[in-house]
>>> print(open('structure33.cif').read())   # mmCIF, C-alpha atoms
data_work
#
loop_
_atom_site.label_atom_id
_atom_site.label_comp_id
_atom_site.auth_asym_id
_atom_site.auth_seq_id
_atom_site.Cartn_x
_atom_site.Cartn_y
_atom_site.Cartn_z
CA MET B 1 -33.22 -15.99 5.09
CA GLU B 2 -31.11 -18.13 2.80
CA GLY B 3 -28.32 -15.58 3.28
CA VAL B 4 -28.46 -15.85 7.06
CA ASP B 5 -28.36 -19.64 6.87
CA HIS B 6 -25.28 -19.50 4.74
CA LEU B 7 -23.55 -16.99 6.96
CA PHE B 8 -24.47 -18.96 10.06
CA GLU B 9 -23.22 -22.25 8.69
CA ARG B 10 -19.86 -20.67 7.92
CA MET B 11 -19.74 -19.04 11.35
CA VAL B 12 -20.34 -22.35 13.09
CA HIS B 13 -17.58 -24.09 11.18
CA GLU B 14 -15.19 -21.21 11.55
CA HIS B 15 -15.68 -20.47 15.24
CA LYS B 16 -16.79 -23.75 16.79
CA ASP B 17 -13.38 -24.67 18.19
CA ARG B 18 -12.74 -21.22 19.61
CA ILE B 19 -16.13 -20.92 21.23
CA PHE B 20 -15.86 -24.43 22.62
CA ALA B 21 -12.42 -23.70 24.07
CA ALA B 22 -13.65 -20.50 25.66
CA SER B 23 -16.70 -22.34 27.02
CA LEU B 24 -14.51 -25.07 28.45
CA ALA B 25 -12.32 -22.53 30.19
CA MET B 26 -15.35 -20.74 31.60
CA THR B 27 -17.31 -23.78 32.75
CA GLY B 28 -14.45 -26.10 33.68
CA ASN B 29 -15.87 -29.27 32.14
CA ARG B 30 -16.61 -30.54 28.68
CA HIS B 31 -20.22 -31.40 29.28
CA ASP B 32 -21.19 -27.88 30.29
CA ALA B 33 -18.85 -26.47 27.65
CA GLU B 34 -20.80 -28.23 24.92
CA GLU B 35 -24.06 -26.89 26.31
CA VAL B 36 -22.72 -23.36 26.53
CA ALA B 37 -21.17 -23.48 23.07
CA GLN B 38 -24.38 -24.85 21.52
CA ASP B 39 -26.46 -22.28 23.30
CA THR B 40 -24.10 -19.55 22.13
CA PHE B 41 -24.61 -20.47 18.50
CA LEU B 42 -28.36 -20.84 18.89
CA ARG B 43 -28.59 -17.36 20.34
CA ALA B 44 -26.33 -16.05 17.61
CA TYR B 45 -28.63 -17.58 15.01
CA ARG B 46 -31.76 -16.12 16.51
CA ALA B 47 -30.09 -12.74 16.72
CA LEU B 48 -28.88 -12.88 13.12
CA CYS B 49 -32.43 -13.54 11.95
CA THR B 50 -33.51 -10.22 13.43
CA TYR B 51 -30.52 -8.15 12.31
CA SER B 52 -30.60 -5.82 9.35
CA PRO B 53 -28.15 -6.51 6.50
CA GLN B 54 -26.25 -3.41 7.54
CA ARG B 55 -25.90 -4.61 11.11
CA ILE B 56 -24.74 -8.02 9.92
CA ARG B 57 -22.13 -6.38 7.71
CA ASP B 58 -20.80 -4.30 10.60
CA LEU B 59 -20.65 -7.26 12.94
CA LYS B 60 -17.30 -7.96 14.58
CA GLU B 61 -17.94 -11.67 14.56
CA ARG B 62 -15.30 -12.87 16.97
CA ALA B 63 -15.98 -10.32 19.67
CA TRP B 64 -19.71 -10.69 19.16
CA LEU B 65 -19.73 -14.49 19.52
CA HIS B 66 -17.48 -14.34 22.57
CA ARG B 67 -19.75 -11.78 24.16
CA ILE B 68 -22.71 -14.10 23.65
CA ALA B 69 -20.74 -16.99 25.17
CA VAL B 70 -19.81 -14.85 28.18
CA ASN B 71 -23.46 -13.91 28.62
CA VAL B 72 -24.61 -17.50 28.29
CA VAL B 73 -22.24 -18.48 31.08
CA ARG B 74 -23.31 -15.51 33.21
CA ASN B 75 -26.97 -16.37 32.81
CA ARG B 76 -26.58 -20.04 33.56
CA VAL B 77 -27.22 -21.32 37.02
CA ARG B 78 -25.88 -18.34 38.87
CA GLY B 79 -24.11 -19.30 42.04
CA VAL B 80 -23.62 -22.95 41.16
CA HIS B 81 -19.96 -23.74 41.12
CA PRO B 82 -18.48 -25.62 38.20
CA ARG B 83 -18.40 -29.34 38.70
CA LEU B 84 -15.15 -31.13 39.10
CA VAL B 85 -13.83 -32.77 35.97
CA GLU B 86 -14.38 -36.46 35.71
CA LEU B 87 -10.89 -37.69 35.16
CA ASN B 88 -11.77 -41.12 33.88
CA GLY B 89 -13.06 -39.72 30.60
CA SER B 90 -16.82 -40.12 30.78
CA GLU B 91 -17.36 -38.64 27.32
CA SER B 92 -17.86 -41.58 25.07
CA ASP B 93 -17.66 -39.56 21.86
CA HIS B 94 -13.93 -39.17 22.29
CA THR B 95 -11.79 -42.04 21.20
CA PRO B 96 -9.11 -42.66 23.79
CA GLY B 97 -5.80 -41.62 22.28
CA PRO B 98 -2.32 -42.67 23.29
CA GLU B 99 -1.42 -42.19 26.92
CA ALA B 100 0.38 -38.90 26.35
CA LYS B 101 -2.75 -37.51 24.78
CA VAL B 102 -4.89 -38.64 27.65
CA MET B 103 -2.44 -37.02 30.07
CA GLU B 104 -2.51 -33.77 28.15
CA ARG B 105 -6.27 -33.82 28.05
CA MET B 106 -6.40 -34.34 31.79
CA GLN B 107 -4.01 -31.47 32.37
CA ILE B 108 -5.99 -29.20 30.12
CA ASP B 109 -9.26 -30.10 31.80
CA GLU B 110 -7.69 -29.58 35.19
CA LEU B 111 -6.52 -26.13 34.15
CA ALA B 112 -9.97 -25.38 32.74
CA THR B 113 -11.47 -26.23 36.11
CA ARG B 114 -9.06 -23.87 37.83
CA VAL B 115 -9.82 -21.04 35.40
CA ALA B 116 -13.54 -21.67 35.76
CA GLY B 117 -13.12 -21.34 39.50
CA LEU B 118 -11.98 -17.72 39.24
CA PRO B 119 -14.42 -14.94 40.12
CA ALA B 120 -16.45 -14.14 37.04
CA ARG B 121 -14.86 -10.84 36.07
CA TYR B 122 -11.31 -12.21 36.21
CA ARG B 123 -12.33 -15.43 34.56
CA GLU B 124 -13.93 -13.70 31.60
CA ALA B 125 -10.96 -11.41 31.09
CA VAL B 126 -8.37 -14.19 31.40
CA VAL B 127 -10.30 -16.54 29.12
CA LEU B 128 -10.72 -14.04 26.33
CA ARG B 129 -7.24 -12.56 26.58
CA HIS B 130 -5.08 -15.61 27.29
CA VAL B 131 -7.11 -18.68 26.38
CA ARG B 132 -8.67 -17.22 23.30
CA GLU B 133 -5.88 -14.71 22.67
CA LEU B 134 -8.11 -11.85 21.63
CA SER B 135 -6.53 -8.40 21.64
CA TYR B 136 -7.28 -6.15 24.59
CA ALA B 137 -9.44 -4.05 22.29
CA GLU B 138 -11.46 -7.11 21.28
CA VAL B 139 -11.83 -8.26 24.86
CA ALA B 140 -13.01 -4.81 25.84
CA GLU B 141 -15.49 -4.92 23.00
CA ALA B 142 -16.73 -8.38 23.91
CA LEU B 143 -17.11 -7.56 27.59
CA ARG B 144 -18.27 -3.99 27.03
CA GLN B 145 -15.68 -2.80 29.50
CA PRO B 146 -12.95 -0.17 29.25
CA VAL B 147 -9.57 -1.53 28.16
CA GLY B 148 -8.02 -0.46 31.45
CA THR B 149 -10.51 -2.52 33.43
CA VAL B 150 -9.85 -5.53 31.24
CA LYS B 151 -6.10 -5.21 31.71
CA ALA B 152 -6.46 -4.99 35.45
CA ASN B 153 -8.80 -7.99 35.57
CA VAL B 154 -6.49 -10.07 33.39
CA HIS B 155 -3.59 -9.21 35.64
CA ARG B 156 -5.43 -10.12 38.81
CA GLY B 157 -6.87 -13.26 37.28
CA LEU B 158 -3.46 -14.54 36.28
CA LYS B 159 -2.18 -13.75 39.72
CA LEU B 160 -4.91 -15.78 41.34
CA LEU B 161 -4.27 -18.67 38.99
CA ARG B 162 -0.63 -18.64 40.04
CA GLY B 163 -1.77 -18.97 43.59
CA ASP B 164 -0.35 -15.59 44.50
CA THR B 165 -2.87 -14.20 46.93
CA ASP B 166 -1.07 -11.41 48.86
CA ASP B 167 -1.93 -8.78 46.32
CA ARG B 168 -5.62 -9.60 46.41
CA VAL B 169 -7.83 -6.76 45.35
CA ASP B 170 -10.74 -5.73 47.44
CA ASP B 171 -14.09 -6.92 46.17
CA MET U 172 4.65 -17.06 34.49
CA ILE U 173 5.58 -18.20 31.02
CA ALA U 174 4.35 -21.69 31.80
CA LEU U 175 0.94 -20.45 32.86
CA THR U 176 0.20 -18.40 29.78
CA THR U 177 1.50 -21.24 27.59
CA ASP U 178 -0.84 -23.63 29.34
CA LEU U 179 -3.72 -21.23 28.87
CA LYS U 180 -2.87 -21.09 25.19
CA ARG U 181 -3.02 -24.89 25.03
CA LEU U 182 -6.39 -24.72 26.66
CA GLY U 183 -7.40 -22.30 23.92
CA ALA U 184 -6.37 -24.80 21.26
CA VAL U 185 -8.95 -27.35 22.40
CA LYS U 186 -11.17 -28.55 19.56
CA ALA U 187 -14.94 -28.80 19.65
CA PRO U 188 -16.10 -32.43 19.99
CA ASP U 189 -16.91 -34.52 16.93
CA GLY U 190 -20.26 -33.71 15.38
CA PHE U 191 -20.60 -30.45 17.28
CA ALA U 192 -21.30 -28.35 14.18
CA ASP U 193 -23.90 -30.87 12.96
CA ARG U 194 -25.67 -30.79 16.30
CA VAL U 195 -25.80 -26.99 16.24
CA LEU U 196 -27.03 -26.86 12.66
CA ALA U 197 -29.64 -29.52 13.43
CA GLN U 198 -30.94 -27.46 16.33
CA VAL U 199 -31.69 -24.52 14.10
CA GLY U 200 -33.19 -26.92 11.56
CA MET U 201 -30.44 -26.57 9.00
CA THR U 202 -29.36 -30.17 8.84
CA ASP U 203 -31.75 -32.98 8.20
CA SER U 204 -33.51 -35.12 10.74
CA TYR U 205 -35.41 -38.30 10.03
CA ALA U 206 -37.88 -40.72 11.50
CA ARG U 207 -39.79 -43.82 10.43
CA PHE U 208 -43.49 -43.60 9.72
CA GLU U 209 -46.13 -46.25 9.29
CA THR U 210 -48.11 -45.52 6.13
CA VAL U 211 -50.43 -47.20 3.69
CA LEU U 212 -47.29 -48.04 1.74
CA GLY U 213 -45.71 -49.73 4.74
CA ASP U 214 -42.87 -48.24 6.78
CA VAL U 215 -41.39 -45.19 5.12
CA PHE U 216 -38.34 -43.29 6.34
CA VAL U 217 -38.80 -39.54 5.89
CA ALA U 218 -36.11 -36.87 6.28
CA TRP U 219 -36.91 -33.22 6.85
CA ASN U 220 -35.32 -29.91 7.72
CA ARG U 221 -36.46 -26.34 8.22
CA LEU U 222 -37.29 -25.92 4.54
CA GLY U 223 -39.46 -29.01 4.31
CA VAL U 224 -39.30 -32.71 3.56
CA SER U 225 -35.99 -33.55 1.94
CA ALA U 226 -36.06 -37.29 1.30
CA ALA U 227 -38.13 -40.43 1.63
CA ALA U 228 -37.45 -44.12 1.12
CA ARG U 229 -38.80 -47.50 2.09
CA SER U 230 -35.43 -48.63 3.41
CA ALA U 231 -35.09 -51.92 5.23
CA SER U 232 -33.38 -50.28 8.20
CA ALA U 233 -32.42 -46.91 9.64
CA GLU U 234 -28.77 -47.59 8.75
CA GLU U 235 -29.69 -48.27 5.16
CA PHE U 236 -31.66 -45.04 4.99
CA GLU U 237 -28.85 -43.02 6.56
CA ASP U 238 -26.28 -44.49 4.19
CA TRP U 239 -28.44 -43.78 1.18
CA PHE U 240 -29.19 -40.23 2.33
CA ARG U 241 -25.58 -39.33 3.02
CA LYS U 242 -24.48 -40.72 -0.32
CA ASP U 243 -27.38 -39.39 -2.35
CA VAL U 244 -28.24 -36.07 -0.74
CA GLY U 245 -24.76 -35.51 0.66
CA ARG U 246 -25.67 -33.89 3.96
CA PRO U 247 -25.41 -35.15 7.52
CA LEU U 248 -28.53 -36.78 8.91
CA MET U 249 -29.71 -37.45 12.44
CA PRO U 250 -32.56 -39.48 13.87
CA ALA U 251 -35.10 -37.33 15.67
CA VAL U 252 -38.58 -37.17 17.07
CA ALA U 253 -40.87 -35.99 14.28
CA PRO U 254 -42.65 -32.64 14.60
CA PRO U 255 -46.21 -33.30 15.83
CA ASP U 256 -47.95 -32.55 12.53
CA LEU U 257 -45.62 -34.45 10.21
CA ALA U 258 -47.26 -37.87 10.57
CA GLU U 259 -50.62 -36.33 9.74
CA LYS U 260 -49.19 -34.51 6.73
CA ILE U 261 -47.71 -37.75 5.48
CA GLN U 262 -51.08 -39.52 5.68
CA ASP U 263 -52.79 -36.58 3.98
CA GLU U 264 -50.26 -36.44 1.16
CA LEU U 265 -50.56 -40.13 0.46
CA GLY U 266 -54.33 -39.69 0.52
CA GLY U 267 -54.11 -37.05 -2.20
CA LYS U 268 -54.12 -33.81 -0.21
CA LYS U 269 -51.20 -31.51 -0.81
CA ARG U 270 -49.85 -30.35 2.52
CA MET U 271 -46.11 -30.79 2.29
CA ARG U 272 -43.30 -28.41 1.61
CA PHE U 273 -40.15 -29.79 0.06
CA ASP U 274 -36.49 -28.98 0.20
CA LEU U 275 -35.14 -29.56 -3.29
CA ARG U 276 -31.83 -27.78 -2.77
CA GLY U 277 -29.00 -29.65 -4.39
CA LEU U 278 -31.03 -30.61 -7.43
CA THR U 279 -30.52 -28.89 -10.77
CA ALA U 280 -33.09 -26.38 -12.04
CA PHE U 281 -34.16 -28.98 -14.62
CA GLU U 282 -34.63 -31.69 -12.00
CA GLN U 283 -36.61 -29.32 -9.83
CA ALA U 284 -38.85 -28.37 -12.75
CA VAL U 285 -39.49 -32.05 -13.51
CA LEU U 286 -40.38 -32.82 -9.91
CA ARG U 287 -42.63 -29.77 -9.52
CA LYS U 288 -44.49 -30.65 -12.68
CA THR U 289 -44.82 -34.26 -11.60
CA ARG U 290 -46.42 -33.12 -8.39
CA GLU U 291 -49.27 -31.61 -10.42
CA ILE U 292 -50.40 -35.04 -11.61
CA PRO U 293 -53.51 -35.86 -9.58
CA ARG U 294 -53.84 -39.03 -7.55
CA GLY U 295 -55.40 -41.79 -9.60
CA GLU U 296 -53.99 -40.49 -12.88
CA VAL U 297 -50.83 -41.00 -14.88
CA ARG U 298 -48.95 -39.05 -17.55
CA PRO U 299 -46.28 -40.04 -20.06
CA TYR U 300 -42.65 -38.97 -19.70
CA GLY U 301 -43.07 -36.89 -22.83
CA TRP U 302 -45.87 -34.92 -21.20
CA VAL U 303 -43.60 -33.78 -18.37
CA ALA U 304 -40.90 -32.84 -20.89
CA ARG U 305 -43.31 -30.81 -23.01
CA GLU U 306 -44.99 -29.15 -20.05
CA ILE U 307 -41.71 -27.81 -18.65
CA GLY U 308 -40.74 -26.48 -22.05
CA ARG U 309 -38.15 -29.12 -22.88
CA PRO U 310 -40.05 -31.39 -25.29
CA ALA U 311 -36.93 -33.19 -26.52
CA ALA U 312 -35.62 -34.01 -23.05
CA VAL U 313 -37.79 -37.09 -22.51
CA ARG U 314 -34.90 -39.32 -21.44
CA ALA U 315 -33.55 -36.65 -19.12
CA VAL U 316 -36.99 -36.50 -17.51
CA GLY U 317 -36.74 -40.24 -16.92
CA THR U 318 -33.36 -39.80 -15.28
CA ALA U 319 -34.54 -36.90 -13.13
CA LEU U 320 -37.49 -38.97 -11.94
CA ALA U 321 -35.29 -41.97 -11.27
CA ASN U 322 -33.24 -39.74 -8.97
CA ASN U 323 -36.27 -38.29 -7.22
CA PRO U 324 -35.17 -38.04 -3.56
CA ILE U 325 -38.77 -37.84 -2.31
CA PRO U 326 -40.71 -40.65 -4.00
CA TYR U 327 -44.35 -41.31 -2.97
CA PHE U 328 -44.76 -37.64 -2.00
CA ILE U 329 -43.46 -36.31 -5.28
CA PRO U 330 -45.37 -38.91 -7.29
CA CYS U 331 -42.83 -40.05 -9.85
CA HIS U 332 -44.78 -43.31 -9.98
CA ARG U 333 -47.50 -41.42 -11.87
CA VAL U 334 -45.21 -40.89 -14.85
CA VAL U 335 -45.39 -43.95 -17.10
CA ARG U 336 -44.50 -45.22 -20.53
CA THR U 337 -47.23 -45.28 -23.14
CA ASP U 338 -46.30 -48.55 -24.82
CA GLY U 339 -47.94 -50.86 -22.33
CA HIS U 340 -44.92 -51.13 -20.03
CA ILE U 341 -45.40 -49.13 -16.94
CA GLY U 342 -41.73 -48.10 -16.84
CA ASN U 343 -39.01 -48.25 -14.24
CA TYR U 344 -39.33 -47.17 -10.69
CA GLY U 345 -36.64 -46.18 -8.24
CA GLY U 346 -38.96 -46.80 -5.31
CA GLY U 347 -38.95 -50.58 -5.68
CA GLY U 348 -39.10 -51.54 -9.39
CA PRO U 349 -42.03 -51.79 -11.82
CA GLU U 350 -44.04 -54.09 -9.55
CA ALA U 351 -43.95 -51.59 -6.72
CA LYS U 352 -44.94 -48.86 -9.16
CA LYS U 353 -47.96 -50.89 -10.25
CA ALA U 354 -48.89 -51.63 -6.66
CA ILE U 355 -48.85 -47.96 -5.68
CA LEU U 356 -50.81 -46.92 -8.76
CA THR U 357 -53.39 -49.62 -8.07
CA LEU U 358 -53.67 -48.38 -4.50
CA GLU U 359 -54.35 -44.92 -5.91
CA GLY U 360 -57.17 -46.24 -8.08
CA VAL U 361 -55.45 -46.54 -11.43
CA ARG U 362 -56.56 -49.56 -13.48
CA VAL U 363 -53.08 -50.63 -14.38
CA LYS U 364 -54.06 -53.77 -16.36
CA LYS U 365 -56.39 -51.79 -18.57
CA LEU U 366 -53.74 -49.12 -19.07
CA GLU U 367 -51.21 -51.72 -20.16
CA GLU U 368 -53.67 -53.29 -22.58
CA LEU U 369 -54.41 -49.93 -24.16
CA GLY U 370 -50.71 -49.19 -24.44
CA ARG U 371 -49.99 -52.53 -26.08
CA ALA U 372 -52.81 -51.91 -28.57
CA GLY U 373 -51.25 -48.55 -29.39
CA PHE U 374 -54.10 -46.48 -27.99
CA ARG U 375 -52.88 -43.38 -26.24
CA TYR U 376 -55.97 -41.22 -25.91
CA GLN U 377 -59.57 -41.55 -25.01
CA GLY U 378 -61.96 -39.45 -27.08
CA VAL U 379 -65.53 -38.74 -26.10
CA ARG U 380 -67.86 -38.49 -29.06
CA THR U 381 -70.35 -36.16 -27.39
CA THR U 382 -67.85 -33.53 -26.24
CA LYS U 383 -65.35 -33.99 -29.07
CA ILE U 384 -62.54 -33.83 -26.52
CA PHE U 385 -59.65 -36.26 -26.22
CA CYS U 386 -57.83 -36.99 -22.95
CA TYR U 387 -55.20 -39.22 -21.44
CA PRO U 388 -56.98 -42.43 -20.47
CA THR U 389 -56.77 -41.70 -16.73
CA CYS U 390 -57.89 -38.06 -16.88
CA HIS U 391 -60.70 -37.50 -14.40
CA THR U 392 -62.70 -35.32 -16.80
CA GLY U 393 -63.39 -38.29 -19.03
CA ARG U 394 -64.30 -40.63 -16.22
CA HIS U 395 -68.04 -40.28 -16.43
CA ALA U 396 -68.38 -40.71 -20.17
CA LEU U 397 -70.70 -43.51 -21.20
CA GLU U 398 -68.96 -46.54 -22.63
CA LYS U 399 -70.81 -46.20 -25.95
CA ASN U 400 -69.50 -42.64 -26.45
CA ILE U 401 -65.83 -43.51 -25.95
CA VAL U 402 -63.46 -43.86 -28.87
CA TRP U 403 -59.84 -44.95 -28.46
CA LEU U 404 -57.34 -42.93 -30.44
CA HIS U 405 -53.79 -43.70 -31.57
CA ASP U 406 -52.26 -40.28 -31.88
CA GLU U 407 -52.88 -36.58 -31.90
CA ALA U 408 -53.09 -36.25 -35.70
CA SER U 409 -55.84 -38.84 -36.10
CA ALA U 410 -57.67 -37.41 -33.08
CA ARG U 411 -57.68 -33.94 -34.56
CA ALA U 412 -58.59 -35.33 -37.96
CA ALA U 413 -61.62 -36.97 -36.36
CA GLY U 414 -62.65 -33.57 -35.03
CA PHE U 415 -61.45 -33.94 -31.42
CA ARG U 416 -59.65 -31.20 -29.51
CA PRO U 417 -57.21 -31.84 -26.65
CA CYS U 418 -58.52 -31.68 -23.07
CA LYS U 419 -57.57 -28.48 -21.30
CA VAL U 420 -57.15 -30.26 -17.99
CA CYS U 421 -54.82 -33.17 -18.79
CA ARG U 422 -53.35 -31.46 -21.87
CA PRO U 423 -52.54 -34.49 -24.04
CA ALA U 424 -51.39 -32.04 -26.71
CA VAL U 425 -50.90 -28.34 -26.97
CA VAL U 426 -54.30 -26.71 -27.23
CA ALA U 427 -54.40 -24.99 -30.60
#
>>> encode(input="structure33.cif", output="structure tokens")
Amino acid sequence: MEGVDHLFERMVHEHKDRIFAASLAMTGNRHDAEEVAQDTFLRAYRALCTYSPQRIRDLKERAWLHRIAVNVVRNRVRGVHPRLVELNGSESDHTPGPEAKVMERMQIDELATRVAGLPARYREAVVLRHVRELSYAEVAEALRQPVGTVKANVHRGLKLLRGDTDDRVDD
Amino acid sequence: MIALTTDLKRLGAVKAPDGFADRVLAQVGMTDSYARFETVLGDVFVAWNRLGVSAAARSASAEEFEDWFRKDVGRPLMPAVAPPDLAEKIQDELGGKKRMRFDLRGLTAFEQAVLRKTREIPRGEVRPYGWVAREIGRPAAVRAVGTALANNPIPYFIPCHRVVRTDGHIGNYGGGGPEAKKAILTLEGVRVKKLEELGRAGFRYQGVRTTKIFCYPTCHTGRHALEKNIVWLHDEASARAAGFRPCKVCRPAVVA
């Protein structure tokens, strides 16, 4: 048990930014991102407690945590569309930086909202490949999809983000 | 095209909000939470985590308690609603029932041994510093025992107030000074005045003529002895010379 606690504490510190960034890109706002990221780690912890030492050793942490995050998002309020970002910075825990920083934050949040608006399969692929910069192999592992599928979904997702809709794939 | 993937990369560089890791660790019970409890000793702040109670103090305010905890225990701390059974456990512990688990991580093996031993001292009784030192197998480390007790992060529940000097001074107390120590001992039924008088007179043990056993003055086994059968003894040598053997319950000396 002590071992799991130790491992988990390190995992949280090591992956918190990545998982939060991925959550932000998948949910489109910081409030939901925090919920998703927290939930991801809670599930990870509960899972770790049931895993054998061997299974823990063989764990591909990054892919594993991202897969949990993807599942958390999938399982949340299906069908509810991500809320629009509140541009006037409703999160009080963030100290307002210089104007440039605020601008950048707004742009990033705006992009997150756009990414979050993609159909799930493109969104997941784009987030893991381009936001989180996992390798195709890792994305495939995290999503449990063939690499070819991932590549196609990334491609189509990017296309949609660029607003290029002629080459739309059939659903 | 380039711009889009660069922007996505920037999105990927977003940091988790402040305190995120602490909130996660608190949710699985790995960081400490705290709340204020009304007790017979007044308001006591108690911190706990998944392993048990980790700290207690009669701080004047929540801020004071948080500051002390962060400095002393060195972990983050967050106010929380107490688990439903904690208040009851606190009352029981202060009433003499042992129901609590403790988290003593961060203390040295020696400090932990001192605190565990101290917890064996029954309510209403006291033991000298030297007793703790001898019992944990470090008879020469009397001063170190004093230091370990002074740094007890969980006073009241790990009853460091029950470890006293034998010279008539009750000894220091981290939980509010000697007066507070006396007050708590009195509340627990110890006759502090009498204890101080005995100490000043140089009496350390109570012998009972009929059983030929000598005890610490507060040991419960000697409580029902008739006044006329009690002899007060200065030290182990004279006790043994007078034909007394040490009590096996309070162990004032190693049983030969």
>>> resolve_selection(input="structure33.cif", expression="the PyMOL selection byres ((chain B) within 8 of (chain U))", output="compact mmCIF listing (two decimals) with C-alpha atoms, keeping the file's coordinate frame")
# COMPACT_ATOMS: atom_id res chain seq x y z
CA ASP B 5 -28.36 -19.64 6.87
CA GLU B 9 -23.22 -22.25 8.69
CA VAL B 12 -20.34 -22.35 13.09
CA HIS B 13 -17.58 -24.09 11.18
CA LYS B 16 -16.79 -23.75 16.79
CA ASP B 17 -13.38 -24.67 18.19
CA ARG B 18 -12.74 -21.22 19.61
CA PHE B 20 -15.86 -24.43 22.62
CA ALA B 21 -12.42 -23.70 24.07
CA ALA B 22 -13.65 -20.50 25.66
CA ALA B 25 -12.32 -22.53 30.19
CA GLU B 34 -20.80 -28.23 24.92
CA GLN B 38 -24.38 -24.85 21.52
CA PHE B 41 -24.61 -20.47 18.50
CA LEU B 42 -28.36 -20.84 18.89
CA TYR B 45 -28.63 -17.58 15.01
CA ASP B 93 -17.66 -39.56 21.86
CA HIS B 94 -13.93 -39.17 22.29
CA ILE B 108 -5.99 -29.20 30.12
CA ASP B 109 -9.26 -30.10 31.80
CA LEU B 111 -6.52 -26.13 34.15
CA ALA B 112 -9.97 -25.38 32.74
CA HIS B 130 -5.08 -15.61 27.29
CA VAL B 131 -7.11 -18.68 26.38
CA ARG B 132 -8.67 -17.22 23.30
CA GLU B 133 -5.88 -14.71 22.67
CA ARG B 162 -0.63 -18.64 40.04
>>> resolve_selection(input="structure33.cif", expression="the PyMOL selection byres ((chain U and resi 204-211) around 8)", output="short mmCIF file (atom, residue, chain, number, x, y, z; two decimals) with C-alpha atoms, keeping the file's coordinate frame")
data_model
loop_
_atom_site.label_atom_id
_atom_site.label_comp_id
_atom_site.auth_asym_id
_atom_site.auth_seq_id
_atom_site.Cartn_x
_atom_site.Cartn_y
_atom_site.Cartn_z
CA ALA U 197 -29.64 -29.52 13.43
CA THR U 202 -29.36 -30.17 8.84
CA ASP U 203 -31.75 -32.98 8.20
CA LEU U 212 -47.29 -48.04 1.74
CA GLY U 213 -45.71 -49.73 4.74
CA ASP U 214 -42.87 -48.24 6.78
CA VAL U 215 -41.39 -45.19 5.12
CA PHE U 216 -38.34 -43.29 6.34
CA VAL U 217 -38.80 -39.54 5.89
CA ALA U 218 -36.11 -36.87 6.28
CA TRP U 219 -36.91 -33.22 6.85
CA ASN U 220 -35.32 -29.91 7.72
CA LEU U 248 -28.53 -36.78 8.91
CA MET U 249 -29.71 -37.45 12.44
CA PRO U 250 -32.56 -39.48 13.87
CA ALA U 251 -35.10 -37.33 15.67
CA VAL U 252 -38.58 -37.17 17.07
CA ALA U 253 -40.87 -35.99 14.28
CA ALA U 258 -47.26 -37.87 10.57
CA ILE U 261 -47.71 -37.75 5.48
CA GLN U 262 -51.08 -39.52 5.68
CA LEU U 265 -50.56 -40.13 0.46
#
>>> residues_around(input="structure33.cif", residues="Leu161 (chain B)", least_positions_apart="4", cutoff="8 Å", atoms="only C-alpha atoms", output="list in words")
Arg114, Val115, Leu118 and Gly157 of chain B
>>> residues_around(input="structure33.cif", residues="Arg298 (chain U)", least_positions_apart="2", cutoff="10 Å", atoms="only C-alpha atoms", output="list in words")
Thr289, Ile292, Pro293, Glu296, Tyr300, Gly301, Trp302, Val303, Cys331, His332, Arg333, Val334, Val335, Arg336, Thr337, Tyr387, Pro388, Thr389, Cys390, Cys421, Arg422 and Pro423 of chain U
>>> write_last_selection(input="structure33.cif", atoms="C-alpha atoms", output="tab-separated table (two decimals), in the coordinates of the input")
chain	number	residue	atom	x	y	z
U	289	THR	CA	-44.82	-34.26	-11.60
U	292	ILE	CA	-50.40	-35.04	-11.61
U	293	PRO	CA	-53.51	-35.86	-9.58
U	296	GLU	CA	-53.99	-40.49	-12.88
U	300	TYR	CA	-42.65	-38.97	-19.70
U	301	GLY	CA	-43.07	-36.89	-22.83
U	302	TRP	CA	-45.87	-34.92	-21.20
U	303	VAL	CA	-43.60	-33.78	-18.37
U	331	CYS	CA	-42.83	-40.05	-9.85
U	332	HIS	CA	-44.78	-43.31	-9.98
U	333	ARG	CA	-47.50	-41.42	-11.87
U	334	VAL	CA	-45.21	-40.89	-14.85
U	335	VAL	CA	-45.39	-43.95	-17.10
U	336	ARG	CA	-44.50	-45.22	-20.53
U	337	THR	CA	-47.23	-45.28	-23.14
U	387	TYR	CA	-55.20	-39.22	-21.44
U	388	PRO	CA	-56.98	-42.43	-20.47
U	389	THR	CA	-56.77	-41.70	-16.73
U	390	CYS	CA	-57.89	-38.06	-16.88
U	421	CYS	CA	-54.82	-33.17	-18.79
U	422	ARG	CA	-53.35	-31.46	-21.87
U	423	PRO	CA	-52.54	-34.49	-24.04
>>> residues_around(input="structure33.cif", residues="region 371-386 of chain U", least_positions_apart="2", cutoff="10 Å", atoms="all atoms listed in the file", output="MDAnalysis selection string")
chainID U and resid 299 337:340 365:369 388:393 396:407 410:411 413:424
>>> atom_distance(input="structure33.cif", atom1="CA of Met271 (chain U)", atom2="CA of Asp238 (chain U)")
24.2 Å
>>> atom_distance(input="structure33.cif", atom1="CA of Ser409 (chain U)", atom2="CA of Glu291 (chain U)")
27.5 Å
>>> atom_distance(input="structure33.cif", atom1="CA of Glu282 (chain U)", atom2="CA of Glu306 (chain U)")
13.4 Å
>>> residues_around(input="structure33.cif", residues="Leu356 (chain U)", least_positions_apart="4", cutoff="10 Å", atoms="all atoms listed in the file", output="NGL selection string")
:U and (294-297 or 330 or 332-333 or 350-352 or 360-363)
>>> residues_around(input="structure33.cif", residues="region 51-67 of chain B", least_positions_apart="2", cutoff="9 Å", atoms="all atoms listed in the file", output="PyMOL selection string")
chain B and resi 11+15+18-19+22+40-41+44+47-49+69-72+128+134+138-144
